[in-house]
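Chemist: Dropping a structure here in structure tokens format, bear with me for questions.
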Amino acid sequence: MSADSVFYLETGRESELFAKAWAARLPLMVKGPTGCGKTRFVEYMAAKLGRKLITVACNEDTTATDLLGRHLLIGGETRWTDGPVTRAVREGAILYLDEVAEARADAIVVIHSLTDHRRELFLDRTGETLHAPPEFMLVVSFNPGYQRSMRELKPSTRQRFIGLGFSYPAEDLEIRIITGETGLEDKQARSLVSIAKKVRALTELSLLESVSTRLLIDAAKLIQAGLPPRYAATVAIAEPLTDDPDALAAIRQVIELTL
Ligand code: ADP
């Protein structure tokens with residue numbers, strides 16, 4: 001996939017930082033709320049650097065075995081099958097562990113040796129030690145707001161990465177992202193961003209996370225598909241954010257006053 005085929009609008013100096021981290025063989029942690037472009041950015045950079053991207057969506061069931069690989073019974077024979085981390089190291093790919101803090105502690109520990117000067121992976125089941133080629137890069141994502149109520153990433157893990165903070169894009173950029181991604185006309189994209197801005201300012205709603213760019217894009221897609229804008233914004237923005245009747249009413253009010 002070429003970089004031209006992945007739509008990504010730069011919000012700061014992130015692509016320069018990523019390219020330099022890759023060249024310097026430094027692992028990278030992208031931090032920020034959900035739906036603000038972290039995954040898209042990593043996809044874009046992998047395409048730009050011409051590297052294969054291997055993504056693992058981590059969850060509380062993700063174990064070291066899931067990441068490294070296991071012996072499987074295939075046609076009556078037991079055969080070793082590489083997991084995604086092992087494959088990424090062998091292939092010199094960019095490995096993206098999405099929501100790494102969700103993975104179990106034993107899974108997080110196996111990647112430690114890939115993050116320091118050793119850049120090695122030890123497969124205890126096969127007794128192999130793999131050395132990551134120069135093109136290999138480990139990228140993890142982490143959602144600080146969400147983690148406050150869920151799992152934390154240990155300092156001993158965090159400090160192995162350089163950190164790139166993401167947040168909601170500036171107004172004009174977010175409008176361009178919506179129009180670029182969905183083809184929605186500028187004026188309506190502007191209104192969606194205005195809704196986001198107002199709801200993001202309503203801290204009294206105590207939302208775990210506020211309106212993401214992803215939600216705005218979903219609303220834009222529904223509008224493009226012919227749904228009335230207020231309805232599209234209600235189902236794409238208000239409903240996914242909260243079940244609290246007062247908070248829902250407040251967000252709906254913002255939508256009705258803006259669209
Ligand atoms: P995250 O990984 O942070 O949860 P994503 O990367 O999946 O979020 O972003 C959600 C959506 O928002 C993407 O699918 C894309 O449509 C859009 N998006 C966010 N930021 C950008 C950006 N800077 N350029 C292009 N699209 C973006």
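Chain labels A, B, ... are given in the sequence in which chains occur in the structure tokens; within each chain residues are numbered consecutively from 1, and ligands are likewise numbered from 1 in the order shown.
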Give me, as a ChimeraX atom specification, all polymer residues having an atom no more than 9 Å from Ala46 in chain A, counting only C-alpha atoms and skipping those fewer than 2 positions away in the same chain.
Modeler: /A:1-3,41-44,48-53,93-94
Chemist: Would you write out those residues with N, CA, C and O atoms, as a tab-separated table (two decimals), in the first residue's frame?
Modeler:
chain	number	residue	atom	x	y	z
A	1	MET	N	0.85	-1.20	0.00
A	1	MET	CA	0.00	0.00	0.00
A	1	MET	C	0.89	1.25	0.00
A	1	MET	O	1.83	1.33	0.79
A	2	SER	N	0.63	2.20	-0.89
A	2	SER	CA	1.44	3.41	-0.89
A	2	SER	C	0.84	4.43	0.07
A	2	SER	O	-0.34	4.34	0.43
A	3	ALA	N	1.69	5.40	0.51
A	3	ALA	CA	1.21	6.40	1.46
A	3	ALA	C	0.03	7.18	0.87
A	3	ALA	O	-0.85	7.64	1.60
A	41	PHE	N	-2.71	6.99	11.69
A	41	PHE	CA	-1.36	7.54	11.57
A	41	PHE	C	-0.34	6.41	11.39
A	41	PHE	O	0.55	6.48	10.53
A	42	VAL	N	-0.47	5.36	12.19
A	42	VAL	CA	0.48	4.25	12.10
A	42	VAL	C	0.34	3.57	10.73
A	42	VAL	O	1.34	3.21	10.08
A	43	GLU	N	-0.89	3.42	10.25
A	43	GLU	CA	-1.11	2.82	8.92
A	43	GLU	C	-0.44	3.67	7.84
A	43	GLU	O	0.21	3.17	6.93
A	44	TYR	N	-0.60	4.98	7.99
A	44	TYR	CA	-0.03	5.92	7.02
A	44	TYR	C	1.50	5.83	7.02
A	44	TYR	O	2.14	5.77	5.97
A	48	LYS	N	4.07	4.81	4.17
A	48	LYS	CA	5.07	5.80	3.73
A	48	LYS	C	6.48	5.21	3.77
A	48	LYS	O	7.30	5.48	2.90
A	49	LEU	N	6.75	4.40	4.80
A	49	LEU	CA	8.09	3.81	4.93
A	49	LEU	C	8.22	2.51	4.14
A	49	LEU	O	9.27	1.88	4.13
A	50	GLY	N	7.11	2.10	3.52
A	50	GLY	CA	7.14	0.90	2.69
A	50	GLY	C	7.31	-0.38	3.51
A	50	GLY	O	7.91	-1.35	3.05
A	51	ARG	N	6.83	-0.37	4.75
A	51	ARG	CA	6.95	-1.56	5.59
A	51	ARG	C	5.58	-2.20	5.78
A	51	ARG	O	4.56	-1.50	5.84
A	52	LYS	N	5.60	-3.51	5.92
A	52	LYS	CA	4.37	-4.22	6.23
A	52	LYS	C	3.94	-3.84	7.65
A	52	LYS	O	4.80	-3.67	8.53
A	53	LEU	N	2.64	-3.72	7.86
A	53	LEU	CA	2.13	-3.40	9.20
A	53	LEU	C	1.42	-4.63	9.76
A	53	LEU	O	0.53	-5.19	9.10
A	93	ALA	N	8.79	-6.10	10.03
A	93	ALA	CA	7.57	-5.29	9.84
A	93	ALA	C	7.47	-4.22	10.91
A	93	ALA	O	8.28	-4.15	11.83
A	94	ILE	N	6.44	-3.39	10.78
A	94	ILE	CA	6.08	-2.48	11.87
A	94	ILE	C	4.98	-3.19	12.65
A	94	ILE	O	3.96	-3.60	12.09
Chemist: Collect all residues with atoms no farther than 8 Å from ligand 1, counting only C-alpha atoms and all ligand atoms, and output them as a PyMOL selection string.
Modeler: chain A and resi 7-11+32-42+98+141+166+168-169+173-174+177-178+180-181+212-215+217
Chemist: Using the chain letters and numbers from this document, which residues of range 7-138 of chain A does DSSP assign to helix (DSSP H, G or I), as a PyMOL selection string?
Modeler: chain A and resi 14-23+38-49+64-68+84-91+100-102+105-110+112-115
Chemist: Neighbouring residues of Thr203 in chain A were defined as those with any atom within 12 Å, considering only C-alpha atoms; residues of the same chain fewer than 5 positions away were excluded. Please report them as a tab-separated table (two decimals) with C-alpha atoms, in the first residue's frame.
Modeler:
chain	number	residue	atom	x	y	z
A	197	LYS	CA	-16.25	21.64	20.32
A	198	LYS	CA	-19.29	22.48	22.43
A	208	LEU	CA	-15.43	8.91	30.20
A	209	GLU	CA	-14.34	10.16	26.79
A	210	SER	CA	-15.73	12.96	24.69
A	211	VAL	CA	-16.64	13.32	21.00
A	247	ALA	CA	-26.22	13.95	29.42
A	250	ALA	CA	-27.68	18.07	26.86
A	251	ILE	CA	-25.87	16.69	23.80
Chemist: If we count only C-alpha atoms and set the cut-off at 10 Å, which residues sit around Ala101 in chain A, ignoring sequence neighbours fewer than 6 positions away in its own chain? Please answer as JSON, numbers by chain.
Modeler: {"A": [58, 59, 60, 107, 108, 140, 141, 142, 143, 144, 147, 150, 151, 152, 153, 154, 157, 158]}
Chemist: One number please: CA of Ala220 in chain A to CA of Gly183 in chain A, in Å, one decimal.
Modeler: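 Distance between the two atoms: 8.5 Å.
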Chemist: For each of A:Glu128, A:Glu135, A:Gly69, A:Thr182, take the minimum atom-to-atom distance to Ala19 in chain A, counting only C-alpha atoms, then give the residue where this is smallest.
Modeler: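 The shortest atom-to-atom distance to Ala19 in chain A comes from A:Glu135.
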Chemist: Skipping near chain neighbours, those fewer than 2 positions away, what residues fall within 9 Å of Leu68 in chain A using only C-alpha atoms, listed as a list in words?
Modeler: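 Counting only C-alpha atoms, the residues come to Thr63, Ala64, Thr65, Asp66, Arg70, Thr81, Asp82, Gly83, Pro84, Val85, Thr86, Arg87, Ala107, Val110, Leu121, Phe122 and Leu123 of chain A.
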Chemist: As a ChimeraX atom specification, please: all residues of range 97-206 of chain A that backbone DSSP puts in strand (DSSP E or B).
Modeler: /A:97-98,120-123,128-131,137-142,162-165
Chemist: What's the separation between CA of Ala57 in chain A and CA of Leu114 in chain A, in Å to one decimal place?
Modeler: 18.4 Å
Chemist: Which residues are close to Ala232 in chain A, i.e. within 9 Å by only C-alpha atoms, leaving aside same-chain residues fewer than 2 positions away? Reply as a short mmCIF file (atom, residue, chain, number, x, y, z; two decimals) with C-alpha atoms, in the first residue's frame.
Modeler:
data_model
loop_
_atom_site.label_atom_id
_atom_site.label_comp_id
_atom_site.auth_asym_id
_atom_site.auth_seq_id
_atom_site.Cartn_x
_atom_site.Cartn_y
_atom_site.Cartn_z
CA ASP A 218 -19.62 8.40 11.27
CA ALA A 219 -22.15 11.24 11.46
CA ALA A 220 -20.78 12.67 8.20
CA LYS A 221 -21.11 9.29 6.48
CA LEU A 222 -24.74 8.99 7.56
CA ILE A 223 -25.49 12.50 6.33
CA LEU A 227 -30.12 10.77 6.68
CA PRO A 228 -31.33 14.08 8.15
CA PRO A 229 -28.30 15.74 9.78
CA ARG A 230 -29.79 16.04 13.28
CA THR A 234 -27.86 11.93 17.39
CA VAL A 235 -27.20 8.31 16.50
CA ALA A 236 -23.53 8.79 15.61
CA ILE A 237 -22.48 11.27 18.31
#
Chemist: Restricting the calculation to only C-alpha atoms, which member of A:Leu17, A:Glu120, A:Arg79, A:Gln188 is positioned closest to Phe136 in chain A?
Modeler: A:Glu120
Chemist: I want to know what sits within 10 Å of range 243-246 of chain A, based on only C-alpha atoms, with residues of the same chain fewer than 5 positions away left out; could you give that as a list in words?
Modeler: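 What passes the distance filter is Leu205, Leu207, Ala238, Ile251 and Arg252 of chain A.
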Chemist: Would you output that residue set with N, CA and C atoms, as a tab-separated table (two decimals), in the first residue's frame?
Modeler:
chain	number	residue	atom	x	y	z
A	205	LEU	N	-20.63	16.94	32.07
A	205	LEU	CA	-21.34	15.71	31.67
A	205	LEU	C	-20.62	14.45	32.18
A	207	LEU	N	-18.34	12.61	30.97
A	207	LEU	CA	-18.20	11.51	30.00
A	207	LEU	C	-16.81	10.90	30.19
A	238	ALA	N	-24.34	11.40	19.89
A	238	ALA	CA	-24.90	11.39	21.25
A	238	ALA	C	-25.02	9.98	21.82
A	251	ILE	N	-26.56	16.81	25.10
A	251	ILE	CA	-25.87	16.69	23.80
A	251	ILE	C	-26.87	16.91	22.66
A	252	ARG	N	-28.06	16.35	22.82
A	252	ARG	CA	-29.09	16.56	21.79
A	252	ARG	C	-29.41	18.03	21.60
Chemist: Just how far from CA of Met45 in chain A is CA of Ala105 in chain A, in Å to one decimal?
Modeler: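 Calculated distance between CA of Ala105 in chain A and CA of Met45 in chain A is 28.1 Å.
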Chemist: Just checking: using only C-alpha atoms, which residue out of A:Ala88, A:Ile54, A:Ala132, A:Ala189 ends up closest to Arg119 in chain A?
Modeler: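 Under the stated criterion, the closest residue is A:Ala132.
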